[in-house]
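Trainee: Provided herewith: final_37.txt, compact mmCIF, C-alpha atoms.
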```txt
# COMPACT_ATOMS: atom_id res chain seq x y z
CA MET A 1260 91.24 21.71 230.02
CA ASN A 1261 90.68 24.24 227.25
CA PRO A 1262 94.00 25.64 226.19
CA GLU A 1263 92.48 28.20 223.82
CA GLN A 1264 90.95 31.00 225.80
CA PRO A 1265 88.05 32.83 224.21
CA GLU A 1266 88.64 36.48 223.59
CA ASP A 1267 85.20 37.81 224.48
CA GLU A 1268 82.23 36.89 226.57
CA GLN A 1269 80.53 34.95 223.74
CA GLY A 1270 83.49 32.62 223.44
CA GLU A 1271 83.99 33.50 219.80
CA GLY A 1272 86.80 36.02 219.68
CA LYS A 1273 87.58 37.48 216.28
CA GLY A 1274 88.45 34.18 214.66
CA THR A 1275 88.66 33.33 210.98
CA PRO A 1276 85.60 34.06 208.78
CA ILE A 1277 85.26 30.43 207.73
CA GLY A 1278 81.46 30.64 207.67
CA ARG A 1279 81.61 33.17 204.84
CA ARG A 1280 84.09 30.95 202.96
CA VAL A 1281 81.84 27.91 203.33
CA LEU A 1282 78.87 29.93 202.06
CA LEU A 1283 80.76 31.30 199.06
CA GLY A 1284 82.31 27.89 198.41
CA THR A 1285 78.84 26.30 198.32
CA LEU A 1286 77.69 29.00 195.89
CA GLY A 1287 80.75 28.40 193.70
CA LEU A 1288 80.18 24.64 193.71
CA GLY A 1289 76.57 25.25 192.69
CA ALA A 1290 77.65 27.41 189.75
CA LEU A 1291 80.28 24.83 188.79
CA GLY A 1292 77.58 22.16 189.00
CA VAL A 1293 75.43 24.04 186.49
CA LEU A 1294 78.40 24.33 184.11
CA ALA A 1295 79.37 20.68 184.51
CA ALA A 1296 75.78 19.40 184.53
CA PRO A 1297 75.63 18.02 180.95
CA ALA A 1298 78.62 15.75 181.59
CA LEU A 1299 77.56 14.84 185.14
CA GLN A 1300 74.01 14.11 184.00
CA ARG A 1301 75.13 11.63 181.36
CA GLY A 1302 77.10 9.84 184.07
CA THR A 1303 74.35 9.68 186.70
CA GLU A 1304 71.66 8.77 184.19
CA SER A 1305 73.54 5.83 182.72
CA PHE A 1306 74.51 4.66 186.21
CA LEU A 1307 70.97 4.98 187.57
CA ALA A 1308 69.40 3.39 184.49
CA GLY A 1309 71.59 0.35 185.15
CA ALA A 1310 70.97 0.44 188.89
CA SER A 1311 67.18 0.77 188.62
CA ASP A 1312 67.05 -2.36 186.45
CA LYS A 1313 68.59 -4.33 189.32
CA ASP A 1314 66.81 -2.50 192.16
CA PRO A 1315 63.83 -4.46 193.51
CA THR A 1316 62.96 -1.71 196.05
CA GLY A 1317 62.21 0.97 193.47
CA LEU A 1318 64.10 3.50 195.61
CA THR A 1319 66.36 4.53 192.71
CA ASP A 1320 63.23 5.73 190.89
CA LEU A 1321 62.95 8.45 193.54
CA LEU A 1322 66.39 9.85 192.70
CA PRO A 1323 66.56 12.68 190.17
CA ASN A 1324 66.19 11.18 186.70
CA GLY A 1325 66.48 7.81 188.36
CA GLY A 1326 64.69 6.23 185.44
CA GLY A 1327 61.03 5.94 184.76
CA PHE A 1328 58.14 8.34 184.51
CA ARG A 1329 56.97 11.02 186.85
CA TYR A 1330 53.31 11.54 187.63
CA TYR A 1331 51.91 14.92 186.70
CA SER A 1332 48.30 15.92 187.10
CA VAL A 1333 46.90 19.42 187.00
CA THR A 1334 43.76 18.56 188.98
CA SER A 1335 43.21 17.25 192.49
CA SER A 1336 41.80 13.92 191.43
CA VAL A 1337 40.95 12.23 188.18
CA PRO A 1338 37.92 9.97 187.75
CA ARG A 1339 38.62 6.36 186.78
CA LYS A 1340 37.15 5.05 183.55
CA ASP A 1341 37.19 1.58 182.07
CA ALA A 1342 35.70 -0.35 179.16
CA ALA A 1343 32.23 0.08 180.66
CA ASP A 1344 32.10 3.87 180.81
CA TYR A 1345 34.97 5.20 178.70
CA ARG A 1346 33.91 7.27 175.66
CA LEU A 1347 35.99 9.17 173.11
CA LYS A 1348 34.03 11.85 171.29
CA VAL A 1349 35.06 13.12 167.85
CA ASP A 1350 33.35 16.32 166.72
CA GLY A 1351 33.90 19.84 165.37
CA LEU A 1352 34.50 20.47 161.68
CA VAL A 1353 33.84 16.88 160.61
CA ALA A 1354 31.27 15.32 158.31
CA ARG A 1355 30.50 12.42 160.67
CA PRO A 1356 30.82 13.26 164.40
CA GLY A 1357 30.87 10.15 166.54
CA THR A 1358 31.75 8.43 169.79
CA TYR A 1359 34.12 5.52 170.30
CA THR A 1360 34.01 3.05 173.17
CA LEU A 1361 37.13 1.22 174.34
CA PRO A 1362 36.15 -1.98 172.42
CA ASP A 1363 35.53 0.17 169.30
CA LEU A 1364 39.08 1.54 169.52
CA ARG A 1365 40.56 -1.91 170.21
CA ALA A 1366 38.84 -3.26 167.10
CA LEU A 1367 40.66 -0.78 164.84
CA PRO A 1368 44.11 -1.56 163.37
CA GLN A 1369 46.80 -0.94 166.00
CA THR A 1370 50.20 0.67 165.46
CA ARG A 1371 53.15 0.08 167.79
CA LEU A 1372 55.92 2.69 168.14
CA VAL A 1373 59.04 2.41 170.29
CA ARG A 1374 60.57 5.84 170.91
CA ASP A 1375 62.20 7.82 173.70
CA VAL A 1376 59.88 9.90 175.86
CA GLN A 1377 61.24 13.37 176.57
CA CYS A 1378 59.71 15.65 179.19
CA VAL A 1379 60.22 19.37 178.89
CA THR A 1380 61.49 19.41 182.51
CA GLY A 1381 64.43 17.24 181.52
CA TRP A 1382 63.69 13.60 182.23
CA ARG A 1383 63.86 11.14 179.36
CA VAL A 1384 62.71 7.53 179.30
CA PRO A 1385 64.44 5.61 176.51
CA GLY A 1386 62.76 3.07 174.25
CA THR A 1387 59.17 3.20 175.47
CA PRO A 1388 56.61 1.19 173.45
CA PHE A 1389 53.24 2.81 172.72
CA GLU A 1390 50.44 1.07 170.87
CA GLY A 1391 47.14 2.37 169.59
CA VAL A 1392 45.12 3.77 166.72
CA ARG A 1393 46.69 6.35 164.42
CA LEU A 1394 44.97 9.68 164.98
CA SER A 1395 44.90 10.18 161.19
CA ARG A 1396 42.69 7.10 160.92
CA LEU A 1397 40.11 8.55 163.30
CA LEU A 1398 40.22 11.90 161.47
CA ASP A 1399 39.71 10.20 158.10
CA ALA A 1400 36.83 8.14 159.48
CA ALA A 1401 35.16 11.34 160.70
CA GLY A 1402 35.75 13.18 157.42
CA VAL A 1403 37.56 16.47 158.07
CA ARG A 1404 35.61 19.33 156.49
CA GLU A 1405 36.83 22.24 154.37
CA GLY A 1406 38.36 25.06 156.41
CA ALA A 1407 39.65 22.86 159.24
CA GLY A 1408 43.20 23.66 160.33
CA ALA A 1409 43.73 22.21 163.78
CA VAL A 1410 42.69 19.57 166.29
CA ARG A 1411 41.89 20.22 169.92
CA PHE A 1412 42.06 17.50 172.56
CA THR A 1413 40.14 17.50 175.83
CA CYS A 1414 40.50 15.21 178.81
CA PHE A 1415 38.18 13.67 181.38
CA ASP A 1416 40.27 15.10 184.23
CA GLY A 1417 38.17 18.17 183.48
CA ALA A 1418 41.02 20.64 183.01
CA TYR A 1419 43.75 19.50 180.64
CA SER A 1420 43.64 20.31 176.96
CA GLU A 1421 46.05 20.12 174.07
CA SER A 1422 46.11 20.98 170.41
CA LEU A 1423 47.94 20.19 167.18
CA THR A 1424 47.77 21.63 163.70
CA LEU A 1425 45.93 19.35 161.31
CA ARG A 1426 49.22 18.67 159.53
CA GLN A 1427 50.88 17.62 162.81
CA ALA A 1428 47.85 15.54 163.80
CA ARG A 1429 48.00 13.56 160.57
CA ARG A 1430 51.59 12.39 161.16
CA ALA A 1431 52.07 8.62 161.29
CA ASP A 1432 53.76 8.89 164.71
CA VAL A 1433 50.75 10.43 166.45
CA LEU A 1434 48.59 7.82 168.16
CA VAL A 1435 45.48 7.54 170.26
CA ALA A 1436 47.30 5.13 172.57
CA LEU A 1437 45.65 2.21 174.34
CA ARG A 1438 48.84 0.50 175.46
CA MET A 1439 52.11 1.77 176.92
CA GLN A 1440 55.15 -0.31 177.89
CA ASP A 1441 53.23 -3.30 176.45
CA LYS A 1442 50.49 -3.01 179.08
CA ASP A 1443 47.09 -1.31 178.92
CA VAL A 1444 47.67 2.37 179.74
CA SER A 1445 47.22 2.56 183.52
CA HIS A 1446 45.20 5.27 185.22
CA ALA A 1447 48.37 6.99 186.49
CA HIS A 1448 49.73 7.12 182.95
CA GLY A 1449 46.49 8.59 181.56
CA GLY A 1450 44.52 5.43 180.89
CA PRO A 1451 42.51 3.90 179.54
CA VAL A 1452 43.25 6.12 176.51
CA ARG A 1453 45.84 8.84 176.07
CA LEU A 1454 47.29 10.79 173.21
CA TYR A 1455 50.85 9.99 172.12
CA VAL A 1456 52.68 12.61 170.05
CA ALA A 1457 56.06 10.93 169.53
CA PRO A 1458 58.07 13.84 168.06
CA MET A 1459 57.03 16.40 170.70
CA TYR A 1460 57.65 17.06 174.39
CA PHE A 1461 55.52 14.80 176.53
CA TYR A 1462 53.08 17.50 177.68
CA LYS A 1463 51.60 17.26 174.17
CA SER A 1464 50.70 13.61 174.87
CA ALA A 1465 47.55 14.44 176.80
CA LYS A 1466 46.47 11.89 179.38
CA TRP A 1467 42.87 10.71 180.00
CA LEU A 1468 41.83 11.67 176.46
CA SER A 1469 38.07 12.09 176.08
CA GLY A 1470 37.50 14.49 173.19
CA ILE A 1471 38.90 15.22 169.73
CA THR A 1472 37.53 18.40 168.17
CA VAL A 1473 38.51 19.56 164.70
CA THR A 1474 38.78 23.36 164.68
CA GLU A 1475 39.77 26.16 162.34
CA ASP A 1476 42.79 27.38 164.30
CA VAL A 1477 45.08 26.09 167.02
CA ARG A 1478 43.89 26.95 170.52
CA PRO A 1479 46.75 26.82 173.03
CA GLY A 1480 46.41 23.99 175.58
CA TYR A 1481 46.71 23.96 179.37
CA TRP A 1482 50.48 24.35 179.76
CA GLU A 1483 50.73 26.45 176.61
CA ARG A 1484 48.58 29.14 178.23
CA ARG A 1485 51.17 28.96 181.02
CA GLY A 1486 54.15 29.67 178.79
CA TYR A 1487 55.08 26.45 177.00
CA ASP A 1488 55.48 26.30 173.22
CA VAL A 1489 52.51 25.19 171.12
CA ASP A 1490 54.75 23.64 168.47
CA ALA A 1491 56.65 21.48 170.94
CA TRP A 1492 59.14 19.60 168.74
CA VAL A 1493 61.69 17.81 170.91
CA GLY A 1494 64.99 19.66 170.57
CA ARG A 1495 63.53 22.59 168.63
CA SER A 1496 61.27 24.33 171.15
CA ASN A 1497 61.02 25.53 174.74
CA GLY A 1498 64.67 26.61 174.57
CA ARG A 1499 65.89 23.02 174.76
CA GLY A 1500 68.36 21.09 172.65
CA ASP A 1501 67.42 17.47 173.37
CA ALA A 1502 68.00 14.84 170.72
CA PRO A 1503 64.81 14.38 168.63
CA THR A 1504 62.56 11.49 169.65
CA SER A 1505 60.90 10.79 166.33
CA MET B 855 65.71 37.87 239.46
CA PRO B 856 64.64 34.33 240.41
CA PRO B 857 62.65 32.46 237.74
CA ARG B 858 59.12 31.39 238.51
CA ALA B 859 59.17 27.98 240.18
CA ASP B 860 56.05 26.54 238.59
CA THR B 861 57.81 23.55 237.04
CA PRO B 862 60.81 21.58 238.35
CA GLU B 863 63.21 22.65 235.60
CA ARG B 864 62.23 26.31 236.00
CA THR B 865 63.78 26.21 239.46
CA GLU B 866 67.16 25.85 237.74
CA ALA B 867 69.06 29.00 236.85
CA ARG B 868 68.34 29.97 233.26
CA VAL B 869 70.42 32.12 230.97
CA HIS B 870 69.51 34.22 227.95
CA ARG B 871 70.41 32.52 224.63
CA PHE B 872 68.38 33.94 221.73
CA GLY B 873 66.68 37.31 221.38
CA PRO B 874 63.32 37.88 219.69
CA ALA B 875 64.93 38.68 216.30
CA ALA B 876 66.87 35.40 216.08
CA ARG B 877 63.84 33.39 217.18
CA ALA B 878 61.50 35.10 214.71
CA VAL B 879 63.98 34.64 211.85
CA HIS B 880 64.38 30.97 212.72
CA ARG B 881 60.63 30.42 212.91
CA ALA B 882 59.88 32.18 209.61
CA THR B 883 62.76 30.45 207.82
CA ALA B 884 61.66 27.06 209.16
CA LEU B 885 58.10 27.67 207.96
CA LEU B 886 59.20 28.67 204.45
CA MET B 887 61.70 25.82 204.24
CA GLY B 888 58.94 23.44 205.36
CA LEU B 889 56.69 24.73 202.59
CA CYS B 890 59.48 24.30 200.03
CA VAL B 891 60.22 20.74 201.15
CA ALA B 892 56.56 19.69 201.34
CA THR B 893 55.67 21.12 197.93
CA ALA B 894 58.85 19.63 196.47
CA ALA B 895 57.74 16.23 197.75
CA PHE B 896 54.30 16.71 196.20
CA LEU B 897 55.94 17.54 192.87
CA TYR B 898 58.59 14.84 192.81
CA VAL B 899 57.51 11.74 194.76
CA PRO B 900 55.12 9.95 192.37
CA GLN B 901 52.86 8.54 195.11
CA LEU B 902 52.46 11.97 196.74
CA ALA B 903 52.00 13.68 193.36
CA GLU B 904 49.16 11.26 192.60
CA LEU B 905 47.62 12.01 195.98
CA VAL B 906 47.75 15.79 195.65
CA GLY B 907 47.64 16.63 191.93
CA ARG B 908 46.84 20.36 191.42
CA ARG B 909 50.23 20.80 189.80
CA ALA B 910 49.98 24.48 188.82
CA LEU B 911 49.01 25.49 192.38
CA VAL B 912 51.72 23.39 194.05
CA VAL B 913 54.33 24.82 191.66
CA ARG B 914 53.18 28.37 192.50
CA ILE B 915 53.48 27.77 196.27
CA HIS B 916 56.91 26.18 195.79
CA GLU B 917 58.18 29.09 193.71
CA TRP B 918 56.97 31.82 196.04
CA SER B 919 58.05 30.15 199.29
CA GLY B 920 61.48 29.55 197.71
CA LEU B 921 61.72 33.16 196.61
CA ALA B 922 60.79 34.30 200.13
CA LEU B 923 63.19 31.93 201.91
CA PRO B 924 66.12 34.42 202.26
CA VAL B 925 63.81 37.29 203.28
CA PRO B 926 63.62 36.57 207.06
CA VAL B 927 67.42 36.63 207.39
CA LEU B 928 67.65 39.84 205.35
CA VAL B 929 64.95 41.52 207.44
CA GLY B 930 66.47 40.18 210.67
CA ALA B 931 69.81 41.72 209.72
CA ALA B 932 68.25 45.07 210.57
CA ALA B 933 68.50 44.05 214.24
CA ARG B 934 71.93 44.56 215.80
CA ALA B 935 71.50 41.49 218.05
CA PHE B 936 70.83 39.28 215.01
CA ARG B 937 73.83 40.67 213.14
CA ALA B 938 75.92 39.74 216.19
CA GLU B 939 74.63 36.14 215.97
CA LEU B 940 75.62 36.01 212.30
CA GLY B 941 79.08 37.25 213.31
CA PHE B 942 79.45 34.43 215.87
CA LEU B 943 78.35 31.88 213.26
CA ASN B 944 80.85 33.25 210.75
CA ARG B 945 83.97 33.33 212.95
CA PHE B 946 85.85 30.09 213.63
CA GLY B 947 88.41 29.92 216.42
CA PRO B 948 91.05 27.29 217.32
CA HIS B 949 88.53 25.55 219.62
CA ASP B 950 86.28 24.85 216.60
CA ARG B 951 89.08 22.80 215.04
CA VAL B 952 89.30 20.81 218.31
CA TRP B 953 85.51 20.27 218.21
CA LEU B 954 85.54 19.03 214.61
CA ARG B 955 88.46 16.66 215.31
CA ALA B 956 86.52 15.20 218.27
CA VAL B 957 83.54 14.60 215.96
CA LEU B 958 85.75 12.80 213.44
CA ARG B 959 87.16 10.63 216.25
CA ARG B 960 83.60 10.04 217.53
CA ASP B 961 84.74 11.37 220.88
CA ARG B 962 81.52 12.28 222.71
CA ARG B 963 83.00 13.59 225.96
CA PRO B 964 81.89 17.20 226.49
CA ALA B 965 85.43 18.10 227.58
CA SER B 966 86.74 17.13 224.12
CA ARG B 967 84.22 19.34 222.36
CA PRO B 968 84.87 22.96 223.28
CA ALA B 969 82.30 25.33 221.85
CA GLY B 970 81.38 28.97 222.18
CA LYS B 971 77.83 30.19 221.71
CA PHE B 972 77.67 27.97 218.60
CA ASN B 973 79.64 24.79 218.11
CA ALA B 974 81.60 24.21 214.89
CA GLY B 975 78.89 21.90 213.53
CA GLN B 976 76.22 24.56 213.94
CA LYS B 977 78.49 27.11 212.24
CA LEU B 978 79.17 24.81 209.29
CA TYR B 979 75.47 23.96 208.99
CA ALA B 980 74.44 27.62 209.01
CA ALA B 981 76.98 28.61 206.35
CA TRP B 982 76.27 25.59 204.14
CA ILE B 983 72.48 25.83 204.28
CA ALA B 984 72.68 29.56 203.48
CA GLY B 985 74.86 28.86 200.42
CA ALA B 986 72.72 25.91 199.37
CA THR B 987 69.55 28.01 199.67
CA LEU B 988 71.05 30.63 197.35
CA VAL B 989 72.06 27.95 194.83
CA MET B 990 68.50 26.57 194.97
CA LEU B 991 67.17 30.10 194.47
CA GLY B 992 69.43 30.73 191.47
CA THR B 993 68.75 27.40 189.75
CA GLY B 994 65.07 27.71 190.65
CA LEU B 995 64.85 31.10 188.94
CA LEU B 996 66.48 29.64 185.81
CA MET B 997 63.78 26.94 185.77
CA TRP B 998 60.99 29.39 186.56
CA PHE B 999 61.74 32.04 183.93
CA THR B 1000 62.36 29.74 181.03
CA ARG B 1001 62.87 32.47 178.44
CA LEU B 1002 65.70 34.18 180.31
CA THR B 1003 68.42 31.72 179.54
CA PRO B 1004 69.92 30.14 176.44
CA LEU B 1005 69.74 26.54 175.37
CA GLN B 1006 70.74 23.82 177.84
CA TRP B 1007 70.89 26.11 180.89
CA ARG B 1008 67.55 25.01 182.22
CA THR B 1009 68.39 21.30 182.01
CA SER B 1010 71.62 22.00 183.88
CA ALA B 1011 69.82 24.08 186.49
CA THR B 1012 67.24 21.31 186.93
CA PHE B 1013 70.03 18.79 187.43
CA VAL B 1014 71.70 20.84 190.17
CA HIS B 1015 68.33 21.77 191.73
CA ASP B 1016 67.28 18.09 191.93
CA TRP B 1017 70.46 16.70 193.43
CA LEU B 1018 71.00 19.60 195.82
CA ALA B 1019 67.36 19.23 196.95
CA LEU B 1020 68.09 15.64 197.86
CA THR B 1021 71.25 16.68 199.75
CA ILE B 1022 69.41 19.46 201.58
CA GLY B 1023 66.71 16.95 202.53
CA VAL B 1024 69.29 14.68 204.17
CA VAL B 1025 71.13 17.53 205.95
CA LEU B 1026 67.86 19.12 207.09
CA ALA B 1027 66.71 15.78 208.48
CA GLY B 1028 69.98 15.70 210.45
CA HIS B 1029 69.36 19.24 211.77
CA ILE B 1030 65.83 18.37 212.86
CA GLY B 1031 66.91 14.99 214.25
CA MET B 1032 69.55 16.62 216.44
CA ALA B 1033 67.03 19.18 217.68
CA LEU B 1034 64.59 16.38 218.51
CA GLY B 1035 67.34 14.70 220.53
CA ASP B 1036 68.06 17.81 222.61
CA PRO B 1037 64.98 19.30 224.34
CA GLU B 1038 67.01 22.01 226.04
CA ALA B 1039 68.37 23.26 222.69
CA ARG B 1040 64.79 23.39 221.40
CA ARG B 1041 63.68 25.26 224.50
CA GLY B 1042 66.45 27.79 223.81
CA MET B 1043 65.08 28.45 220.34
CA ARG B 1044 61.47 28.50 221.55
CA THR B 1045 61.73 30.61 224.71
CA GLY B 1046 65.10 32.28 224.24
CA ARG B 1047 66.46 30.87 227.52
CA VAL B 1048 68.36 27.71 228.48
CA GLY B 1049 69.44 26.06 231.72
CA ARG B 1050 72.86 27.12 232.96
CA ALA B 1051 73.99 23.49 233.45
CA TRP B 1052 73.14 22.69 229.83
CA ALA B 1053 74.96 25.79 228.60
CA GLU B 1054 78.08 24.92 230.60
CA ARG B 1055 78.06 21.34 229.32
CA GLU B 1056 77.28 21.97 225.63
CA HIS B 1057 78.86 25.40 225.17
CA PRO B 1058 81.62 25.59 227.81
CA LEU B 1059 83.34 28.61 226.20
CA TRP B 1060 80.13 30.61 225.95
CA ARG B 1061 79.77 33.34 228.59
CA PRO B 1062 76.12 34.33 228.50
```
Output the structure of this file as structure tokens.

Mentor:
Amino acid sequence: MNPEQPEDEQGEGKGTPIGRRVLLGTLGLGALGVLAAPALQRGTESFLAGASDKDPTGLTDLLPNGGGFRYYSVTSSVPRKDAADYRLKVDGLVARPGTYTLPDLRALPQTRLVRDVQCVTGWRVPGTPFEGVRLSRLLDAAGVREGAGAVRFTCFDGAYSESLTLRQARRADVLVALRMQDKDVSHAHGGPVRLYVAPMYFYKSAKWLSGITVTEDVRPGYWERRGYDVDAWVGRSNGRGDAPTS
Amino acid sequence: MPPRADTPERTEARVHRFGPAARAVHRATALLMGLCVATAAFLYVPQLAELVGRRALVVRIHEWSGLALPVPVLVGAAARAFRAELGFLNRFGPHDRVWLRAVLRRDRRPASRPAGKFNAGQKLYAAWIAGATLVMLGTGLLMWFTRLTPLQWRTSATFVHDWLALTIGVVLAGHIGMALGDPEARRGMRTGRVGRAWAEREHPLWRP
């Protein structure tokens, strides 16, 4: 039945080293993939962005860069806060420290920005609306004192922190955001209140914002102590060349 | 030496299939691969990421289990018996072409699928998963040590890492699925011995 007789007791003979060729071929394809990635990525992203619009199952969102946000949290669980118990504290080098409730923040003038969101790990969500109070407004209301140079942000997840220079914090495209994608910011997206720093990589946009402290100098935040750039301009930091978002 | 007859299938003649080195390498590799896949799921599937959180810790486990993934094979290569297994996996004979053609024709008759100690599918899987693991290691290192590489490299590495991860997930599921469907093959990897009837049916050219 078997015309080819094996040459040794394992039935393998000498044979052709095809296994080695498959291994090296896979390696070569991988290297080629890295070289061709920019072009391939444009293709898959535009295809998946179109497909995820028409996909009721949401399965395309699980594909790499299949559109939409990814959930990142640095702690095991994050408490839920709502209008009843949410508080935003403003303190540090300010003349008038204070605390805002959710209704307080909603009563202030709101600014809506529609920009791309760019994560430092590569995913980008085009045209995402954010709405909230300009950070500069809160800083002005508190009265920044002489000698202040930076703003530190803390979060009610108990671990995350971020920071901006005072100059960065005063930009018109930096918001204390209450709404995202024209809905109240959900818990998974850092609700009820998150920071939104439009021109920087998304790790600067701290979720679950609970404290704004005006300080003398910039203190590196959570990911920045783990190697990310403090001045995280999209396209001009972290060794990346993405198109600017703001 | 007759096998102990404490269970019905033990009364059947059993033949030696895998030595301790091959079994230990398989077990260690499976454990590390499992860690890689599980932590990858915790990092990438939004529902699981929400459930687990602790991102810095999960990333650390993923990185180190990925880095360690090739180590069992490299250590195992110190054993002559394991090097011989790698040799069998590497070498393809004319019967392997016959086996692959039968798969393409969906011909399931054992007589149409001649195989030595490893069939052509197992050989292809072994070679591909080894290459894919090294690609994952290389792209993973580019993502891990962000300062090493110039502009754009990390995005490209992430792209390859993501899509290859998905492909490995599918292929690995196939590997595990086939093992689940063949208890005797699993017993071979667990105990090192298989029934002679199974060996003659599945690996007719193998002379244990």

Trainee: From the set B:His1029, B:Arg1040, B:Arg909, B:Arg868, which residue has the shortest atom-to-atom contact distance to chain A, counting all atoms listed in the file?

Mentor: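 Closest to chain A, using all atoms listed in the file: B:Arg909.
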
Trainee: Please indicate the distance in Å from atom CA of Arg908 of chain B to atom CA of Ser1332 of chain A, rounded to one decimal place.

Mentor: 6.4 Å

Trainee: Enter the distance from atom CA of Met1459 of chain A to atom CA of Pro1479 of chain A, in Å, rounded to one decimal.

Mentor: 14.8 Å

Trainee: Would you kindly return, as JSON, numbers by chain, each protein, DNA or RNA residue with an atom no farther than 12 Å from any atom of Pro1368 of chain A, considering all atoms listed in the file and excluding same-chain residues fewer than 4 positions away?

Mentor: {"A": [1363, 1364, 1390, 1391, 1392, 1393, 1394, 1395, 1396, 1397, 1434, 1435, 1436, 1437]}

Trainee: Can you work out which one of B:Val899, B:Leu885, B:Ala1033, B:Leu954 has the shortest atom-to-atom distance to chain A, counting only C-alpha atoms?

Mentor: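 Closest residue, counting only C-alpha atoms: B:Val899.
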
Trainee: Need the shell around Leu923 of chain B: protein/DNA/RNA residues with any atom at most 8 Å away, counting only C-alpha atoms. Skip same-chain ones fewer than 2 positions apart. Format as a short mmCIF file (atom, residue, chain, number, x, y, z; two decimals) with C-alpha atoms, in the coordinates of the input?

Mentor:
```cif
data_model
loop_
_atom_site.label_atom_id
_atom_site.label_comp_id
_atom_site.auth_asym_id
_atom_site.auth_seq_id
_atom_site.Cartn_x
_atom_site.Cartn_y
_atom_site.Cartn_z
CA THR B 883 62.76 30.45 207.82
CA LEU B 886 59.20 28.67 204.45
CA MET B 887 61.70 25.82 204.24
CA SER B 919 58.05 30.15 199.29
CA GLY B 920 61.48 29.55 197.71
CA LEU B 921 61.72 33.16 196.61
CA VAL B 925 63.81 37.29 203.28
CA PRO B 926 63.62 36.57 207.06
CA THR B 987 69.55 28.01 199.67
#
```

Trainee: Would you mind telling me which residue in B:Leu940, B:Leu1018, B:Met997, B:Ala882 lies nearest to Gly1381 of chain A when using all atoms listed in the file?

Mentor: B:Met997

Trainee: Mind listing as a ChimeraX atom specification which residues of chain B are within 6 Å of chain A, counting all atoms listed in the file?

Mentor: /B:900,906-909,944-947,970-971,981-982,985,989,1005-1006,1009-1011,1016,1059-1061

Trainee: For atom CA of Glu1405 of chain A and atom CA of Ser1422 of chain A, quote the distance in Å rounded to one decimal.

Mentor: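 Between these atoms lies a distance of 18.6 Å.
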
Trainee: Using all atoms listed in the file, find the one residue out of B:Gly873, B:Gly992, B:Gly975, B:Gly1023 that sits nearest to Ala892 of chain B.

Mentor: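 Nearest to Ala892 of chain B: B:Gly1023.
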
Trainee: Name the residues within 12 Å of (67.2, 38.5, 210.2), counting only C-alpha atoms in the file's coordinates, and put them as an NGL selection string.

Mentor: :B and (873-883 or 923-940)

Trainee: Would you list the contacts of Ala1342 of chain A as a PyMOL selection string, taking every protein, DNA or RNA residue within 10 Å and counting only C-alpha atoms, but skipping same-chain residues closer than 6 positions in sequence?

Mentor: chain A and resi 1360-1363+1451

Trainee: Between B:Arg1008, B:Arg914, B:Arg1055, B:Arg1044, which is the closest to Asn973 of chain B once you count only C-alpha atoms?

Mentor: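 The answer is B:Arg1055, which sits nearest to Asn973 of chain B.
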
Trainee: Which polymer residues, whether protein, DNA or RNA, lie within 6 Å of the coordinate (83.6, 20.1, 224.3) when you count only C-alpha atoms? List them as a list in words, using the chain letters and numbers from the file.

Mentor: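 Residues with an atom close enough to that point: Pro964, Ala965, Ser966, Arg967, Pro968 and Ala969 of chain B.
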
Trainee: Axis-aligned box over every listed atom of segment 945-963 of chain B, padded by 4 Å per side: centre and edges in Å to one decimal, as lines of an AutoDock Vina configuration file?

Mentor:
```
center_x = 86.3
center_y = 21.7
center_z = 219.5
size_x = 17.5
size_y = 31.3
size_z = 21.0
```

Trainee: Taking 5 positions as the minimum chain separation for residues in the same chain, which residues sit within 8 Å of Arg1404 of chain A when counting all atoms listed in the file? Answer as a PDB file with C-alpha atoms, in the frame of the given file.

Mentor:
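File selection.pdb, as written:
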```
ATOM      1  CA  LEU A1352      34.500  20.470 161.680  1.00  0.00           C
ATOM      2  CA  VAL A1353      33.840  16.880 160.610  1.00  0.00           C
ATOM      3  CA  ALA A1354      31.270  15.320 158.310  1.00  0.00           C
TER       4      ALA A1354
END
```
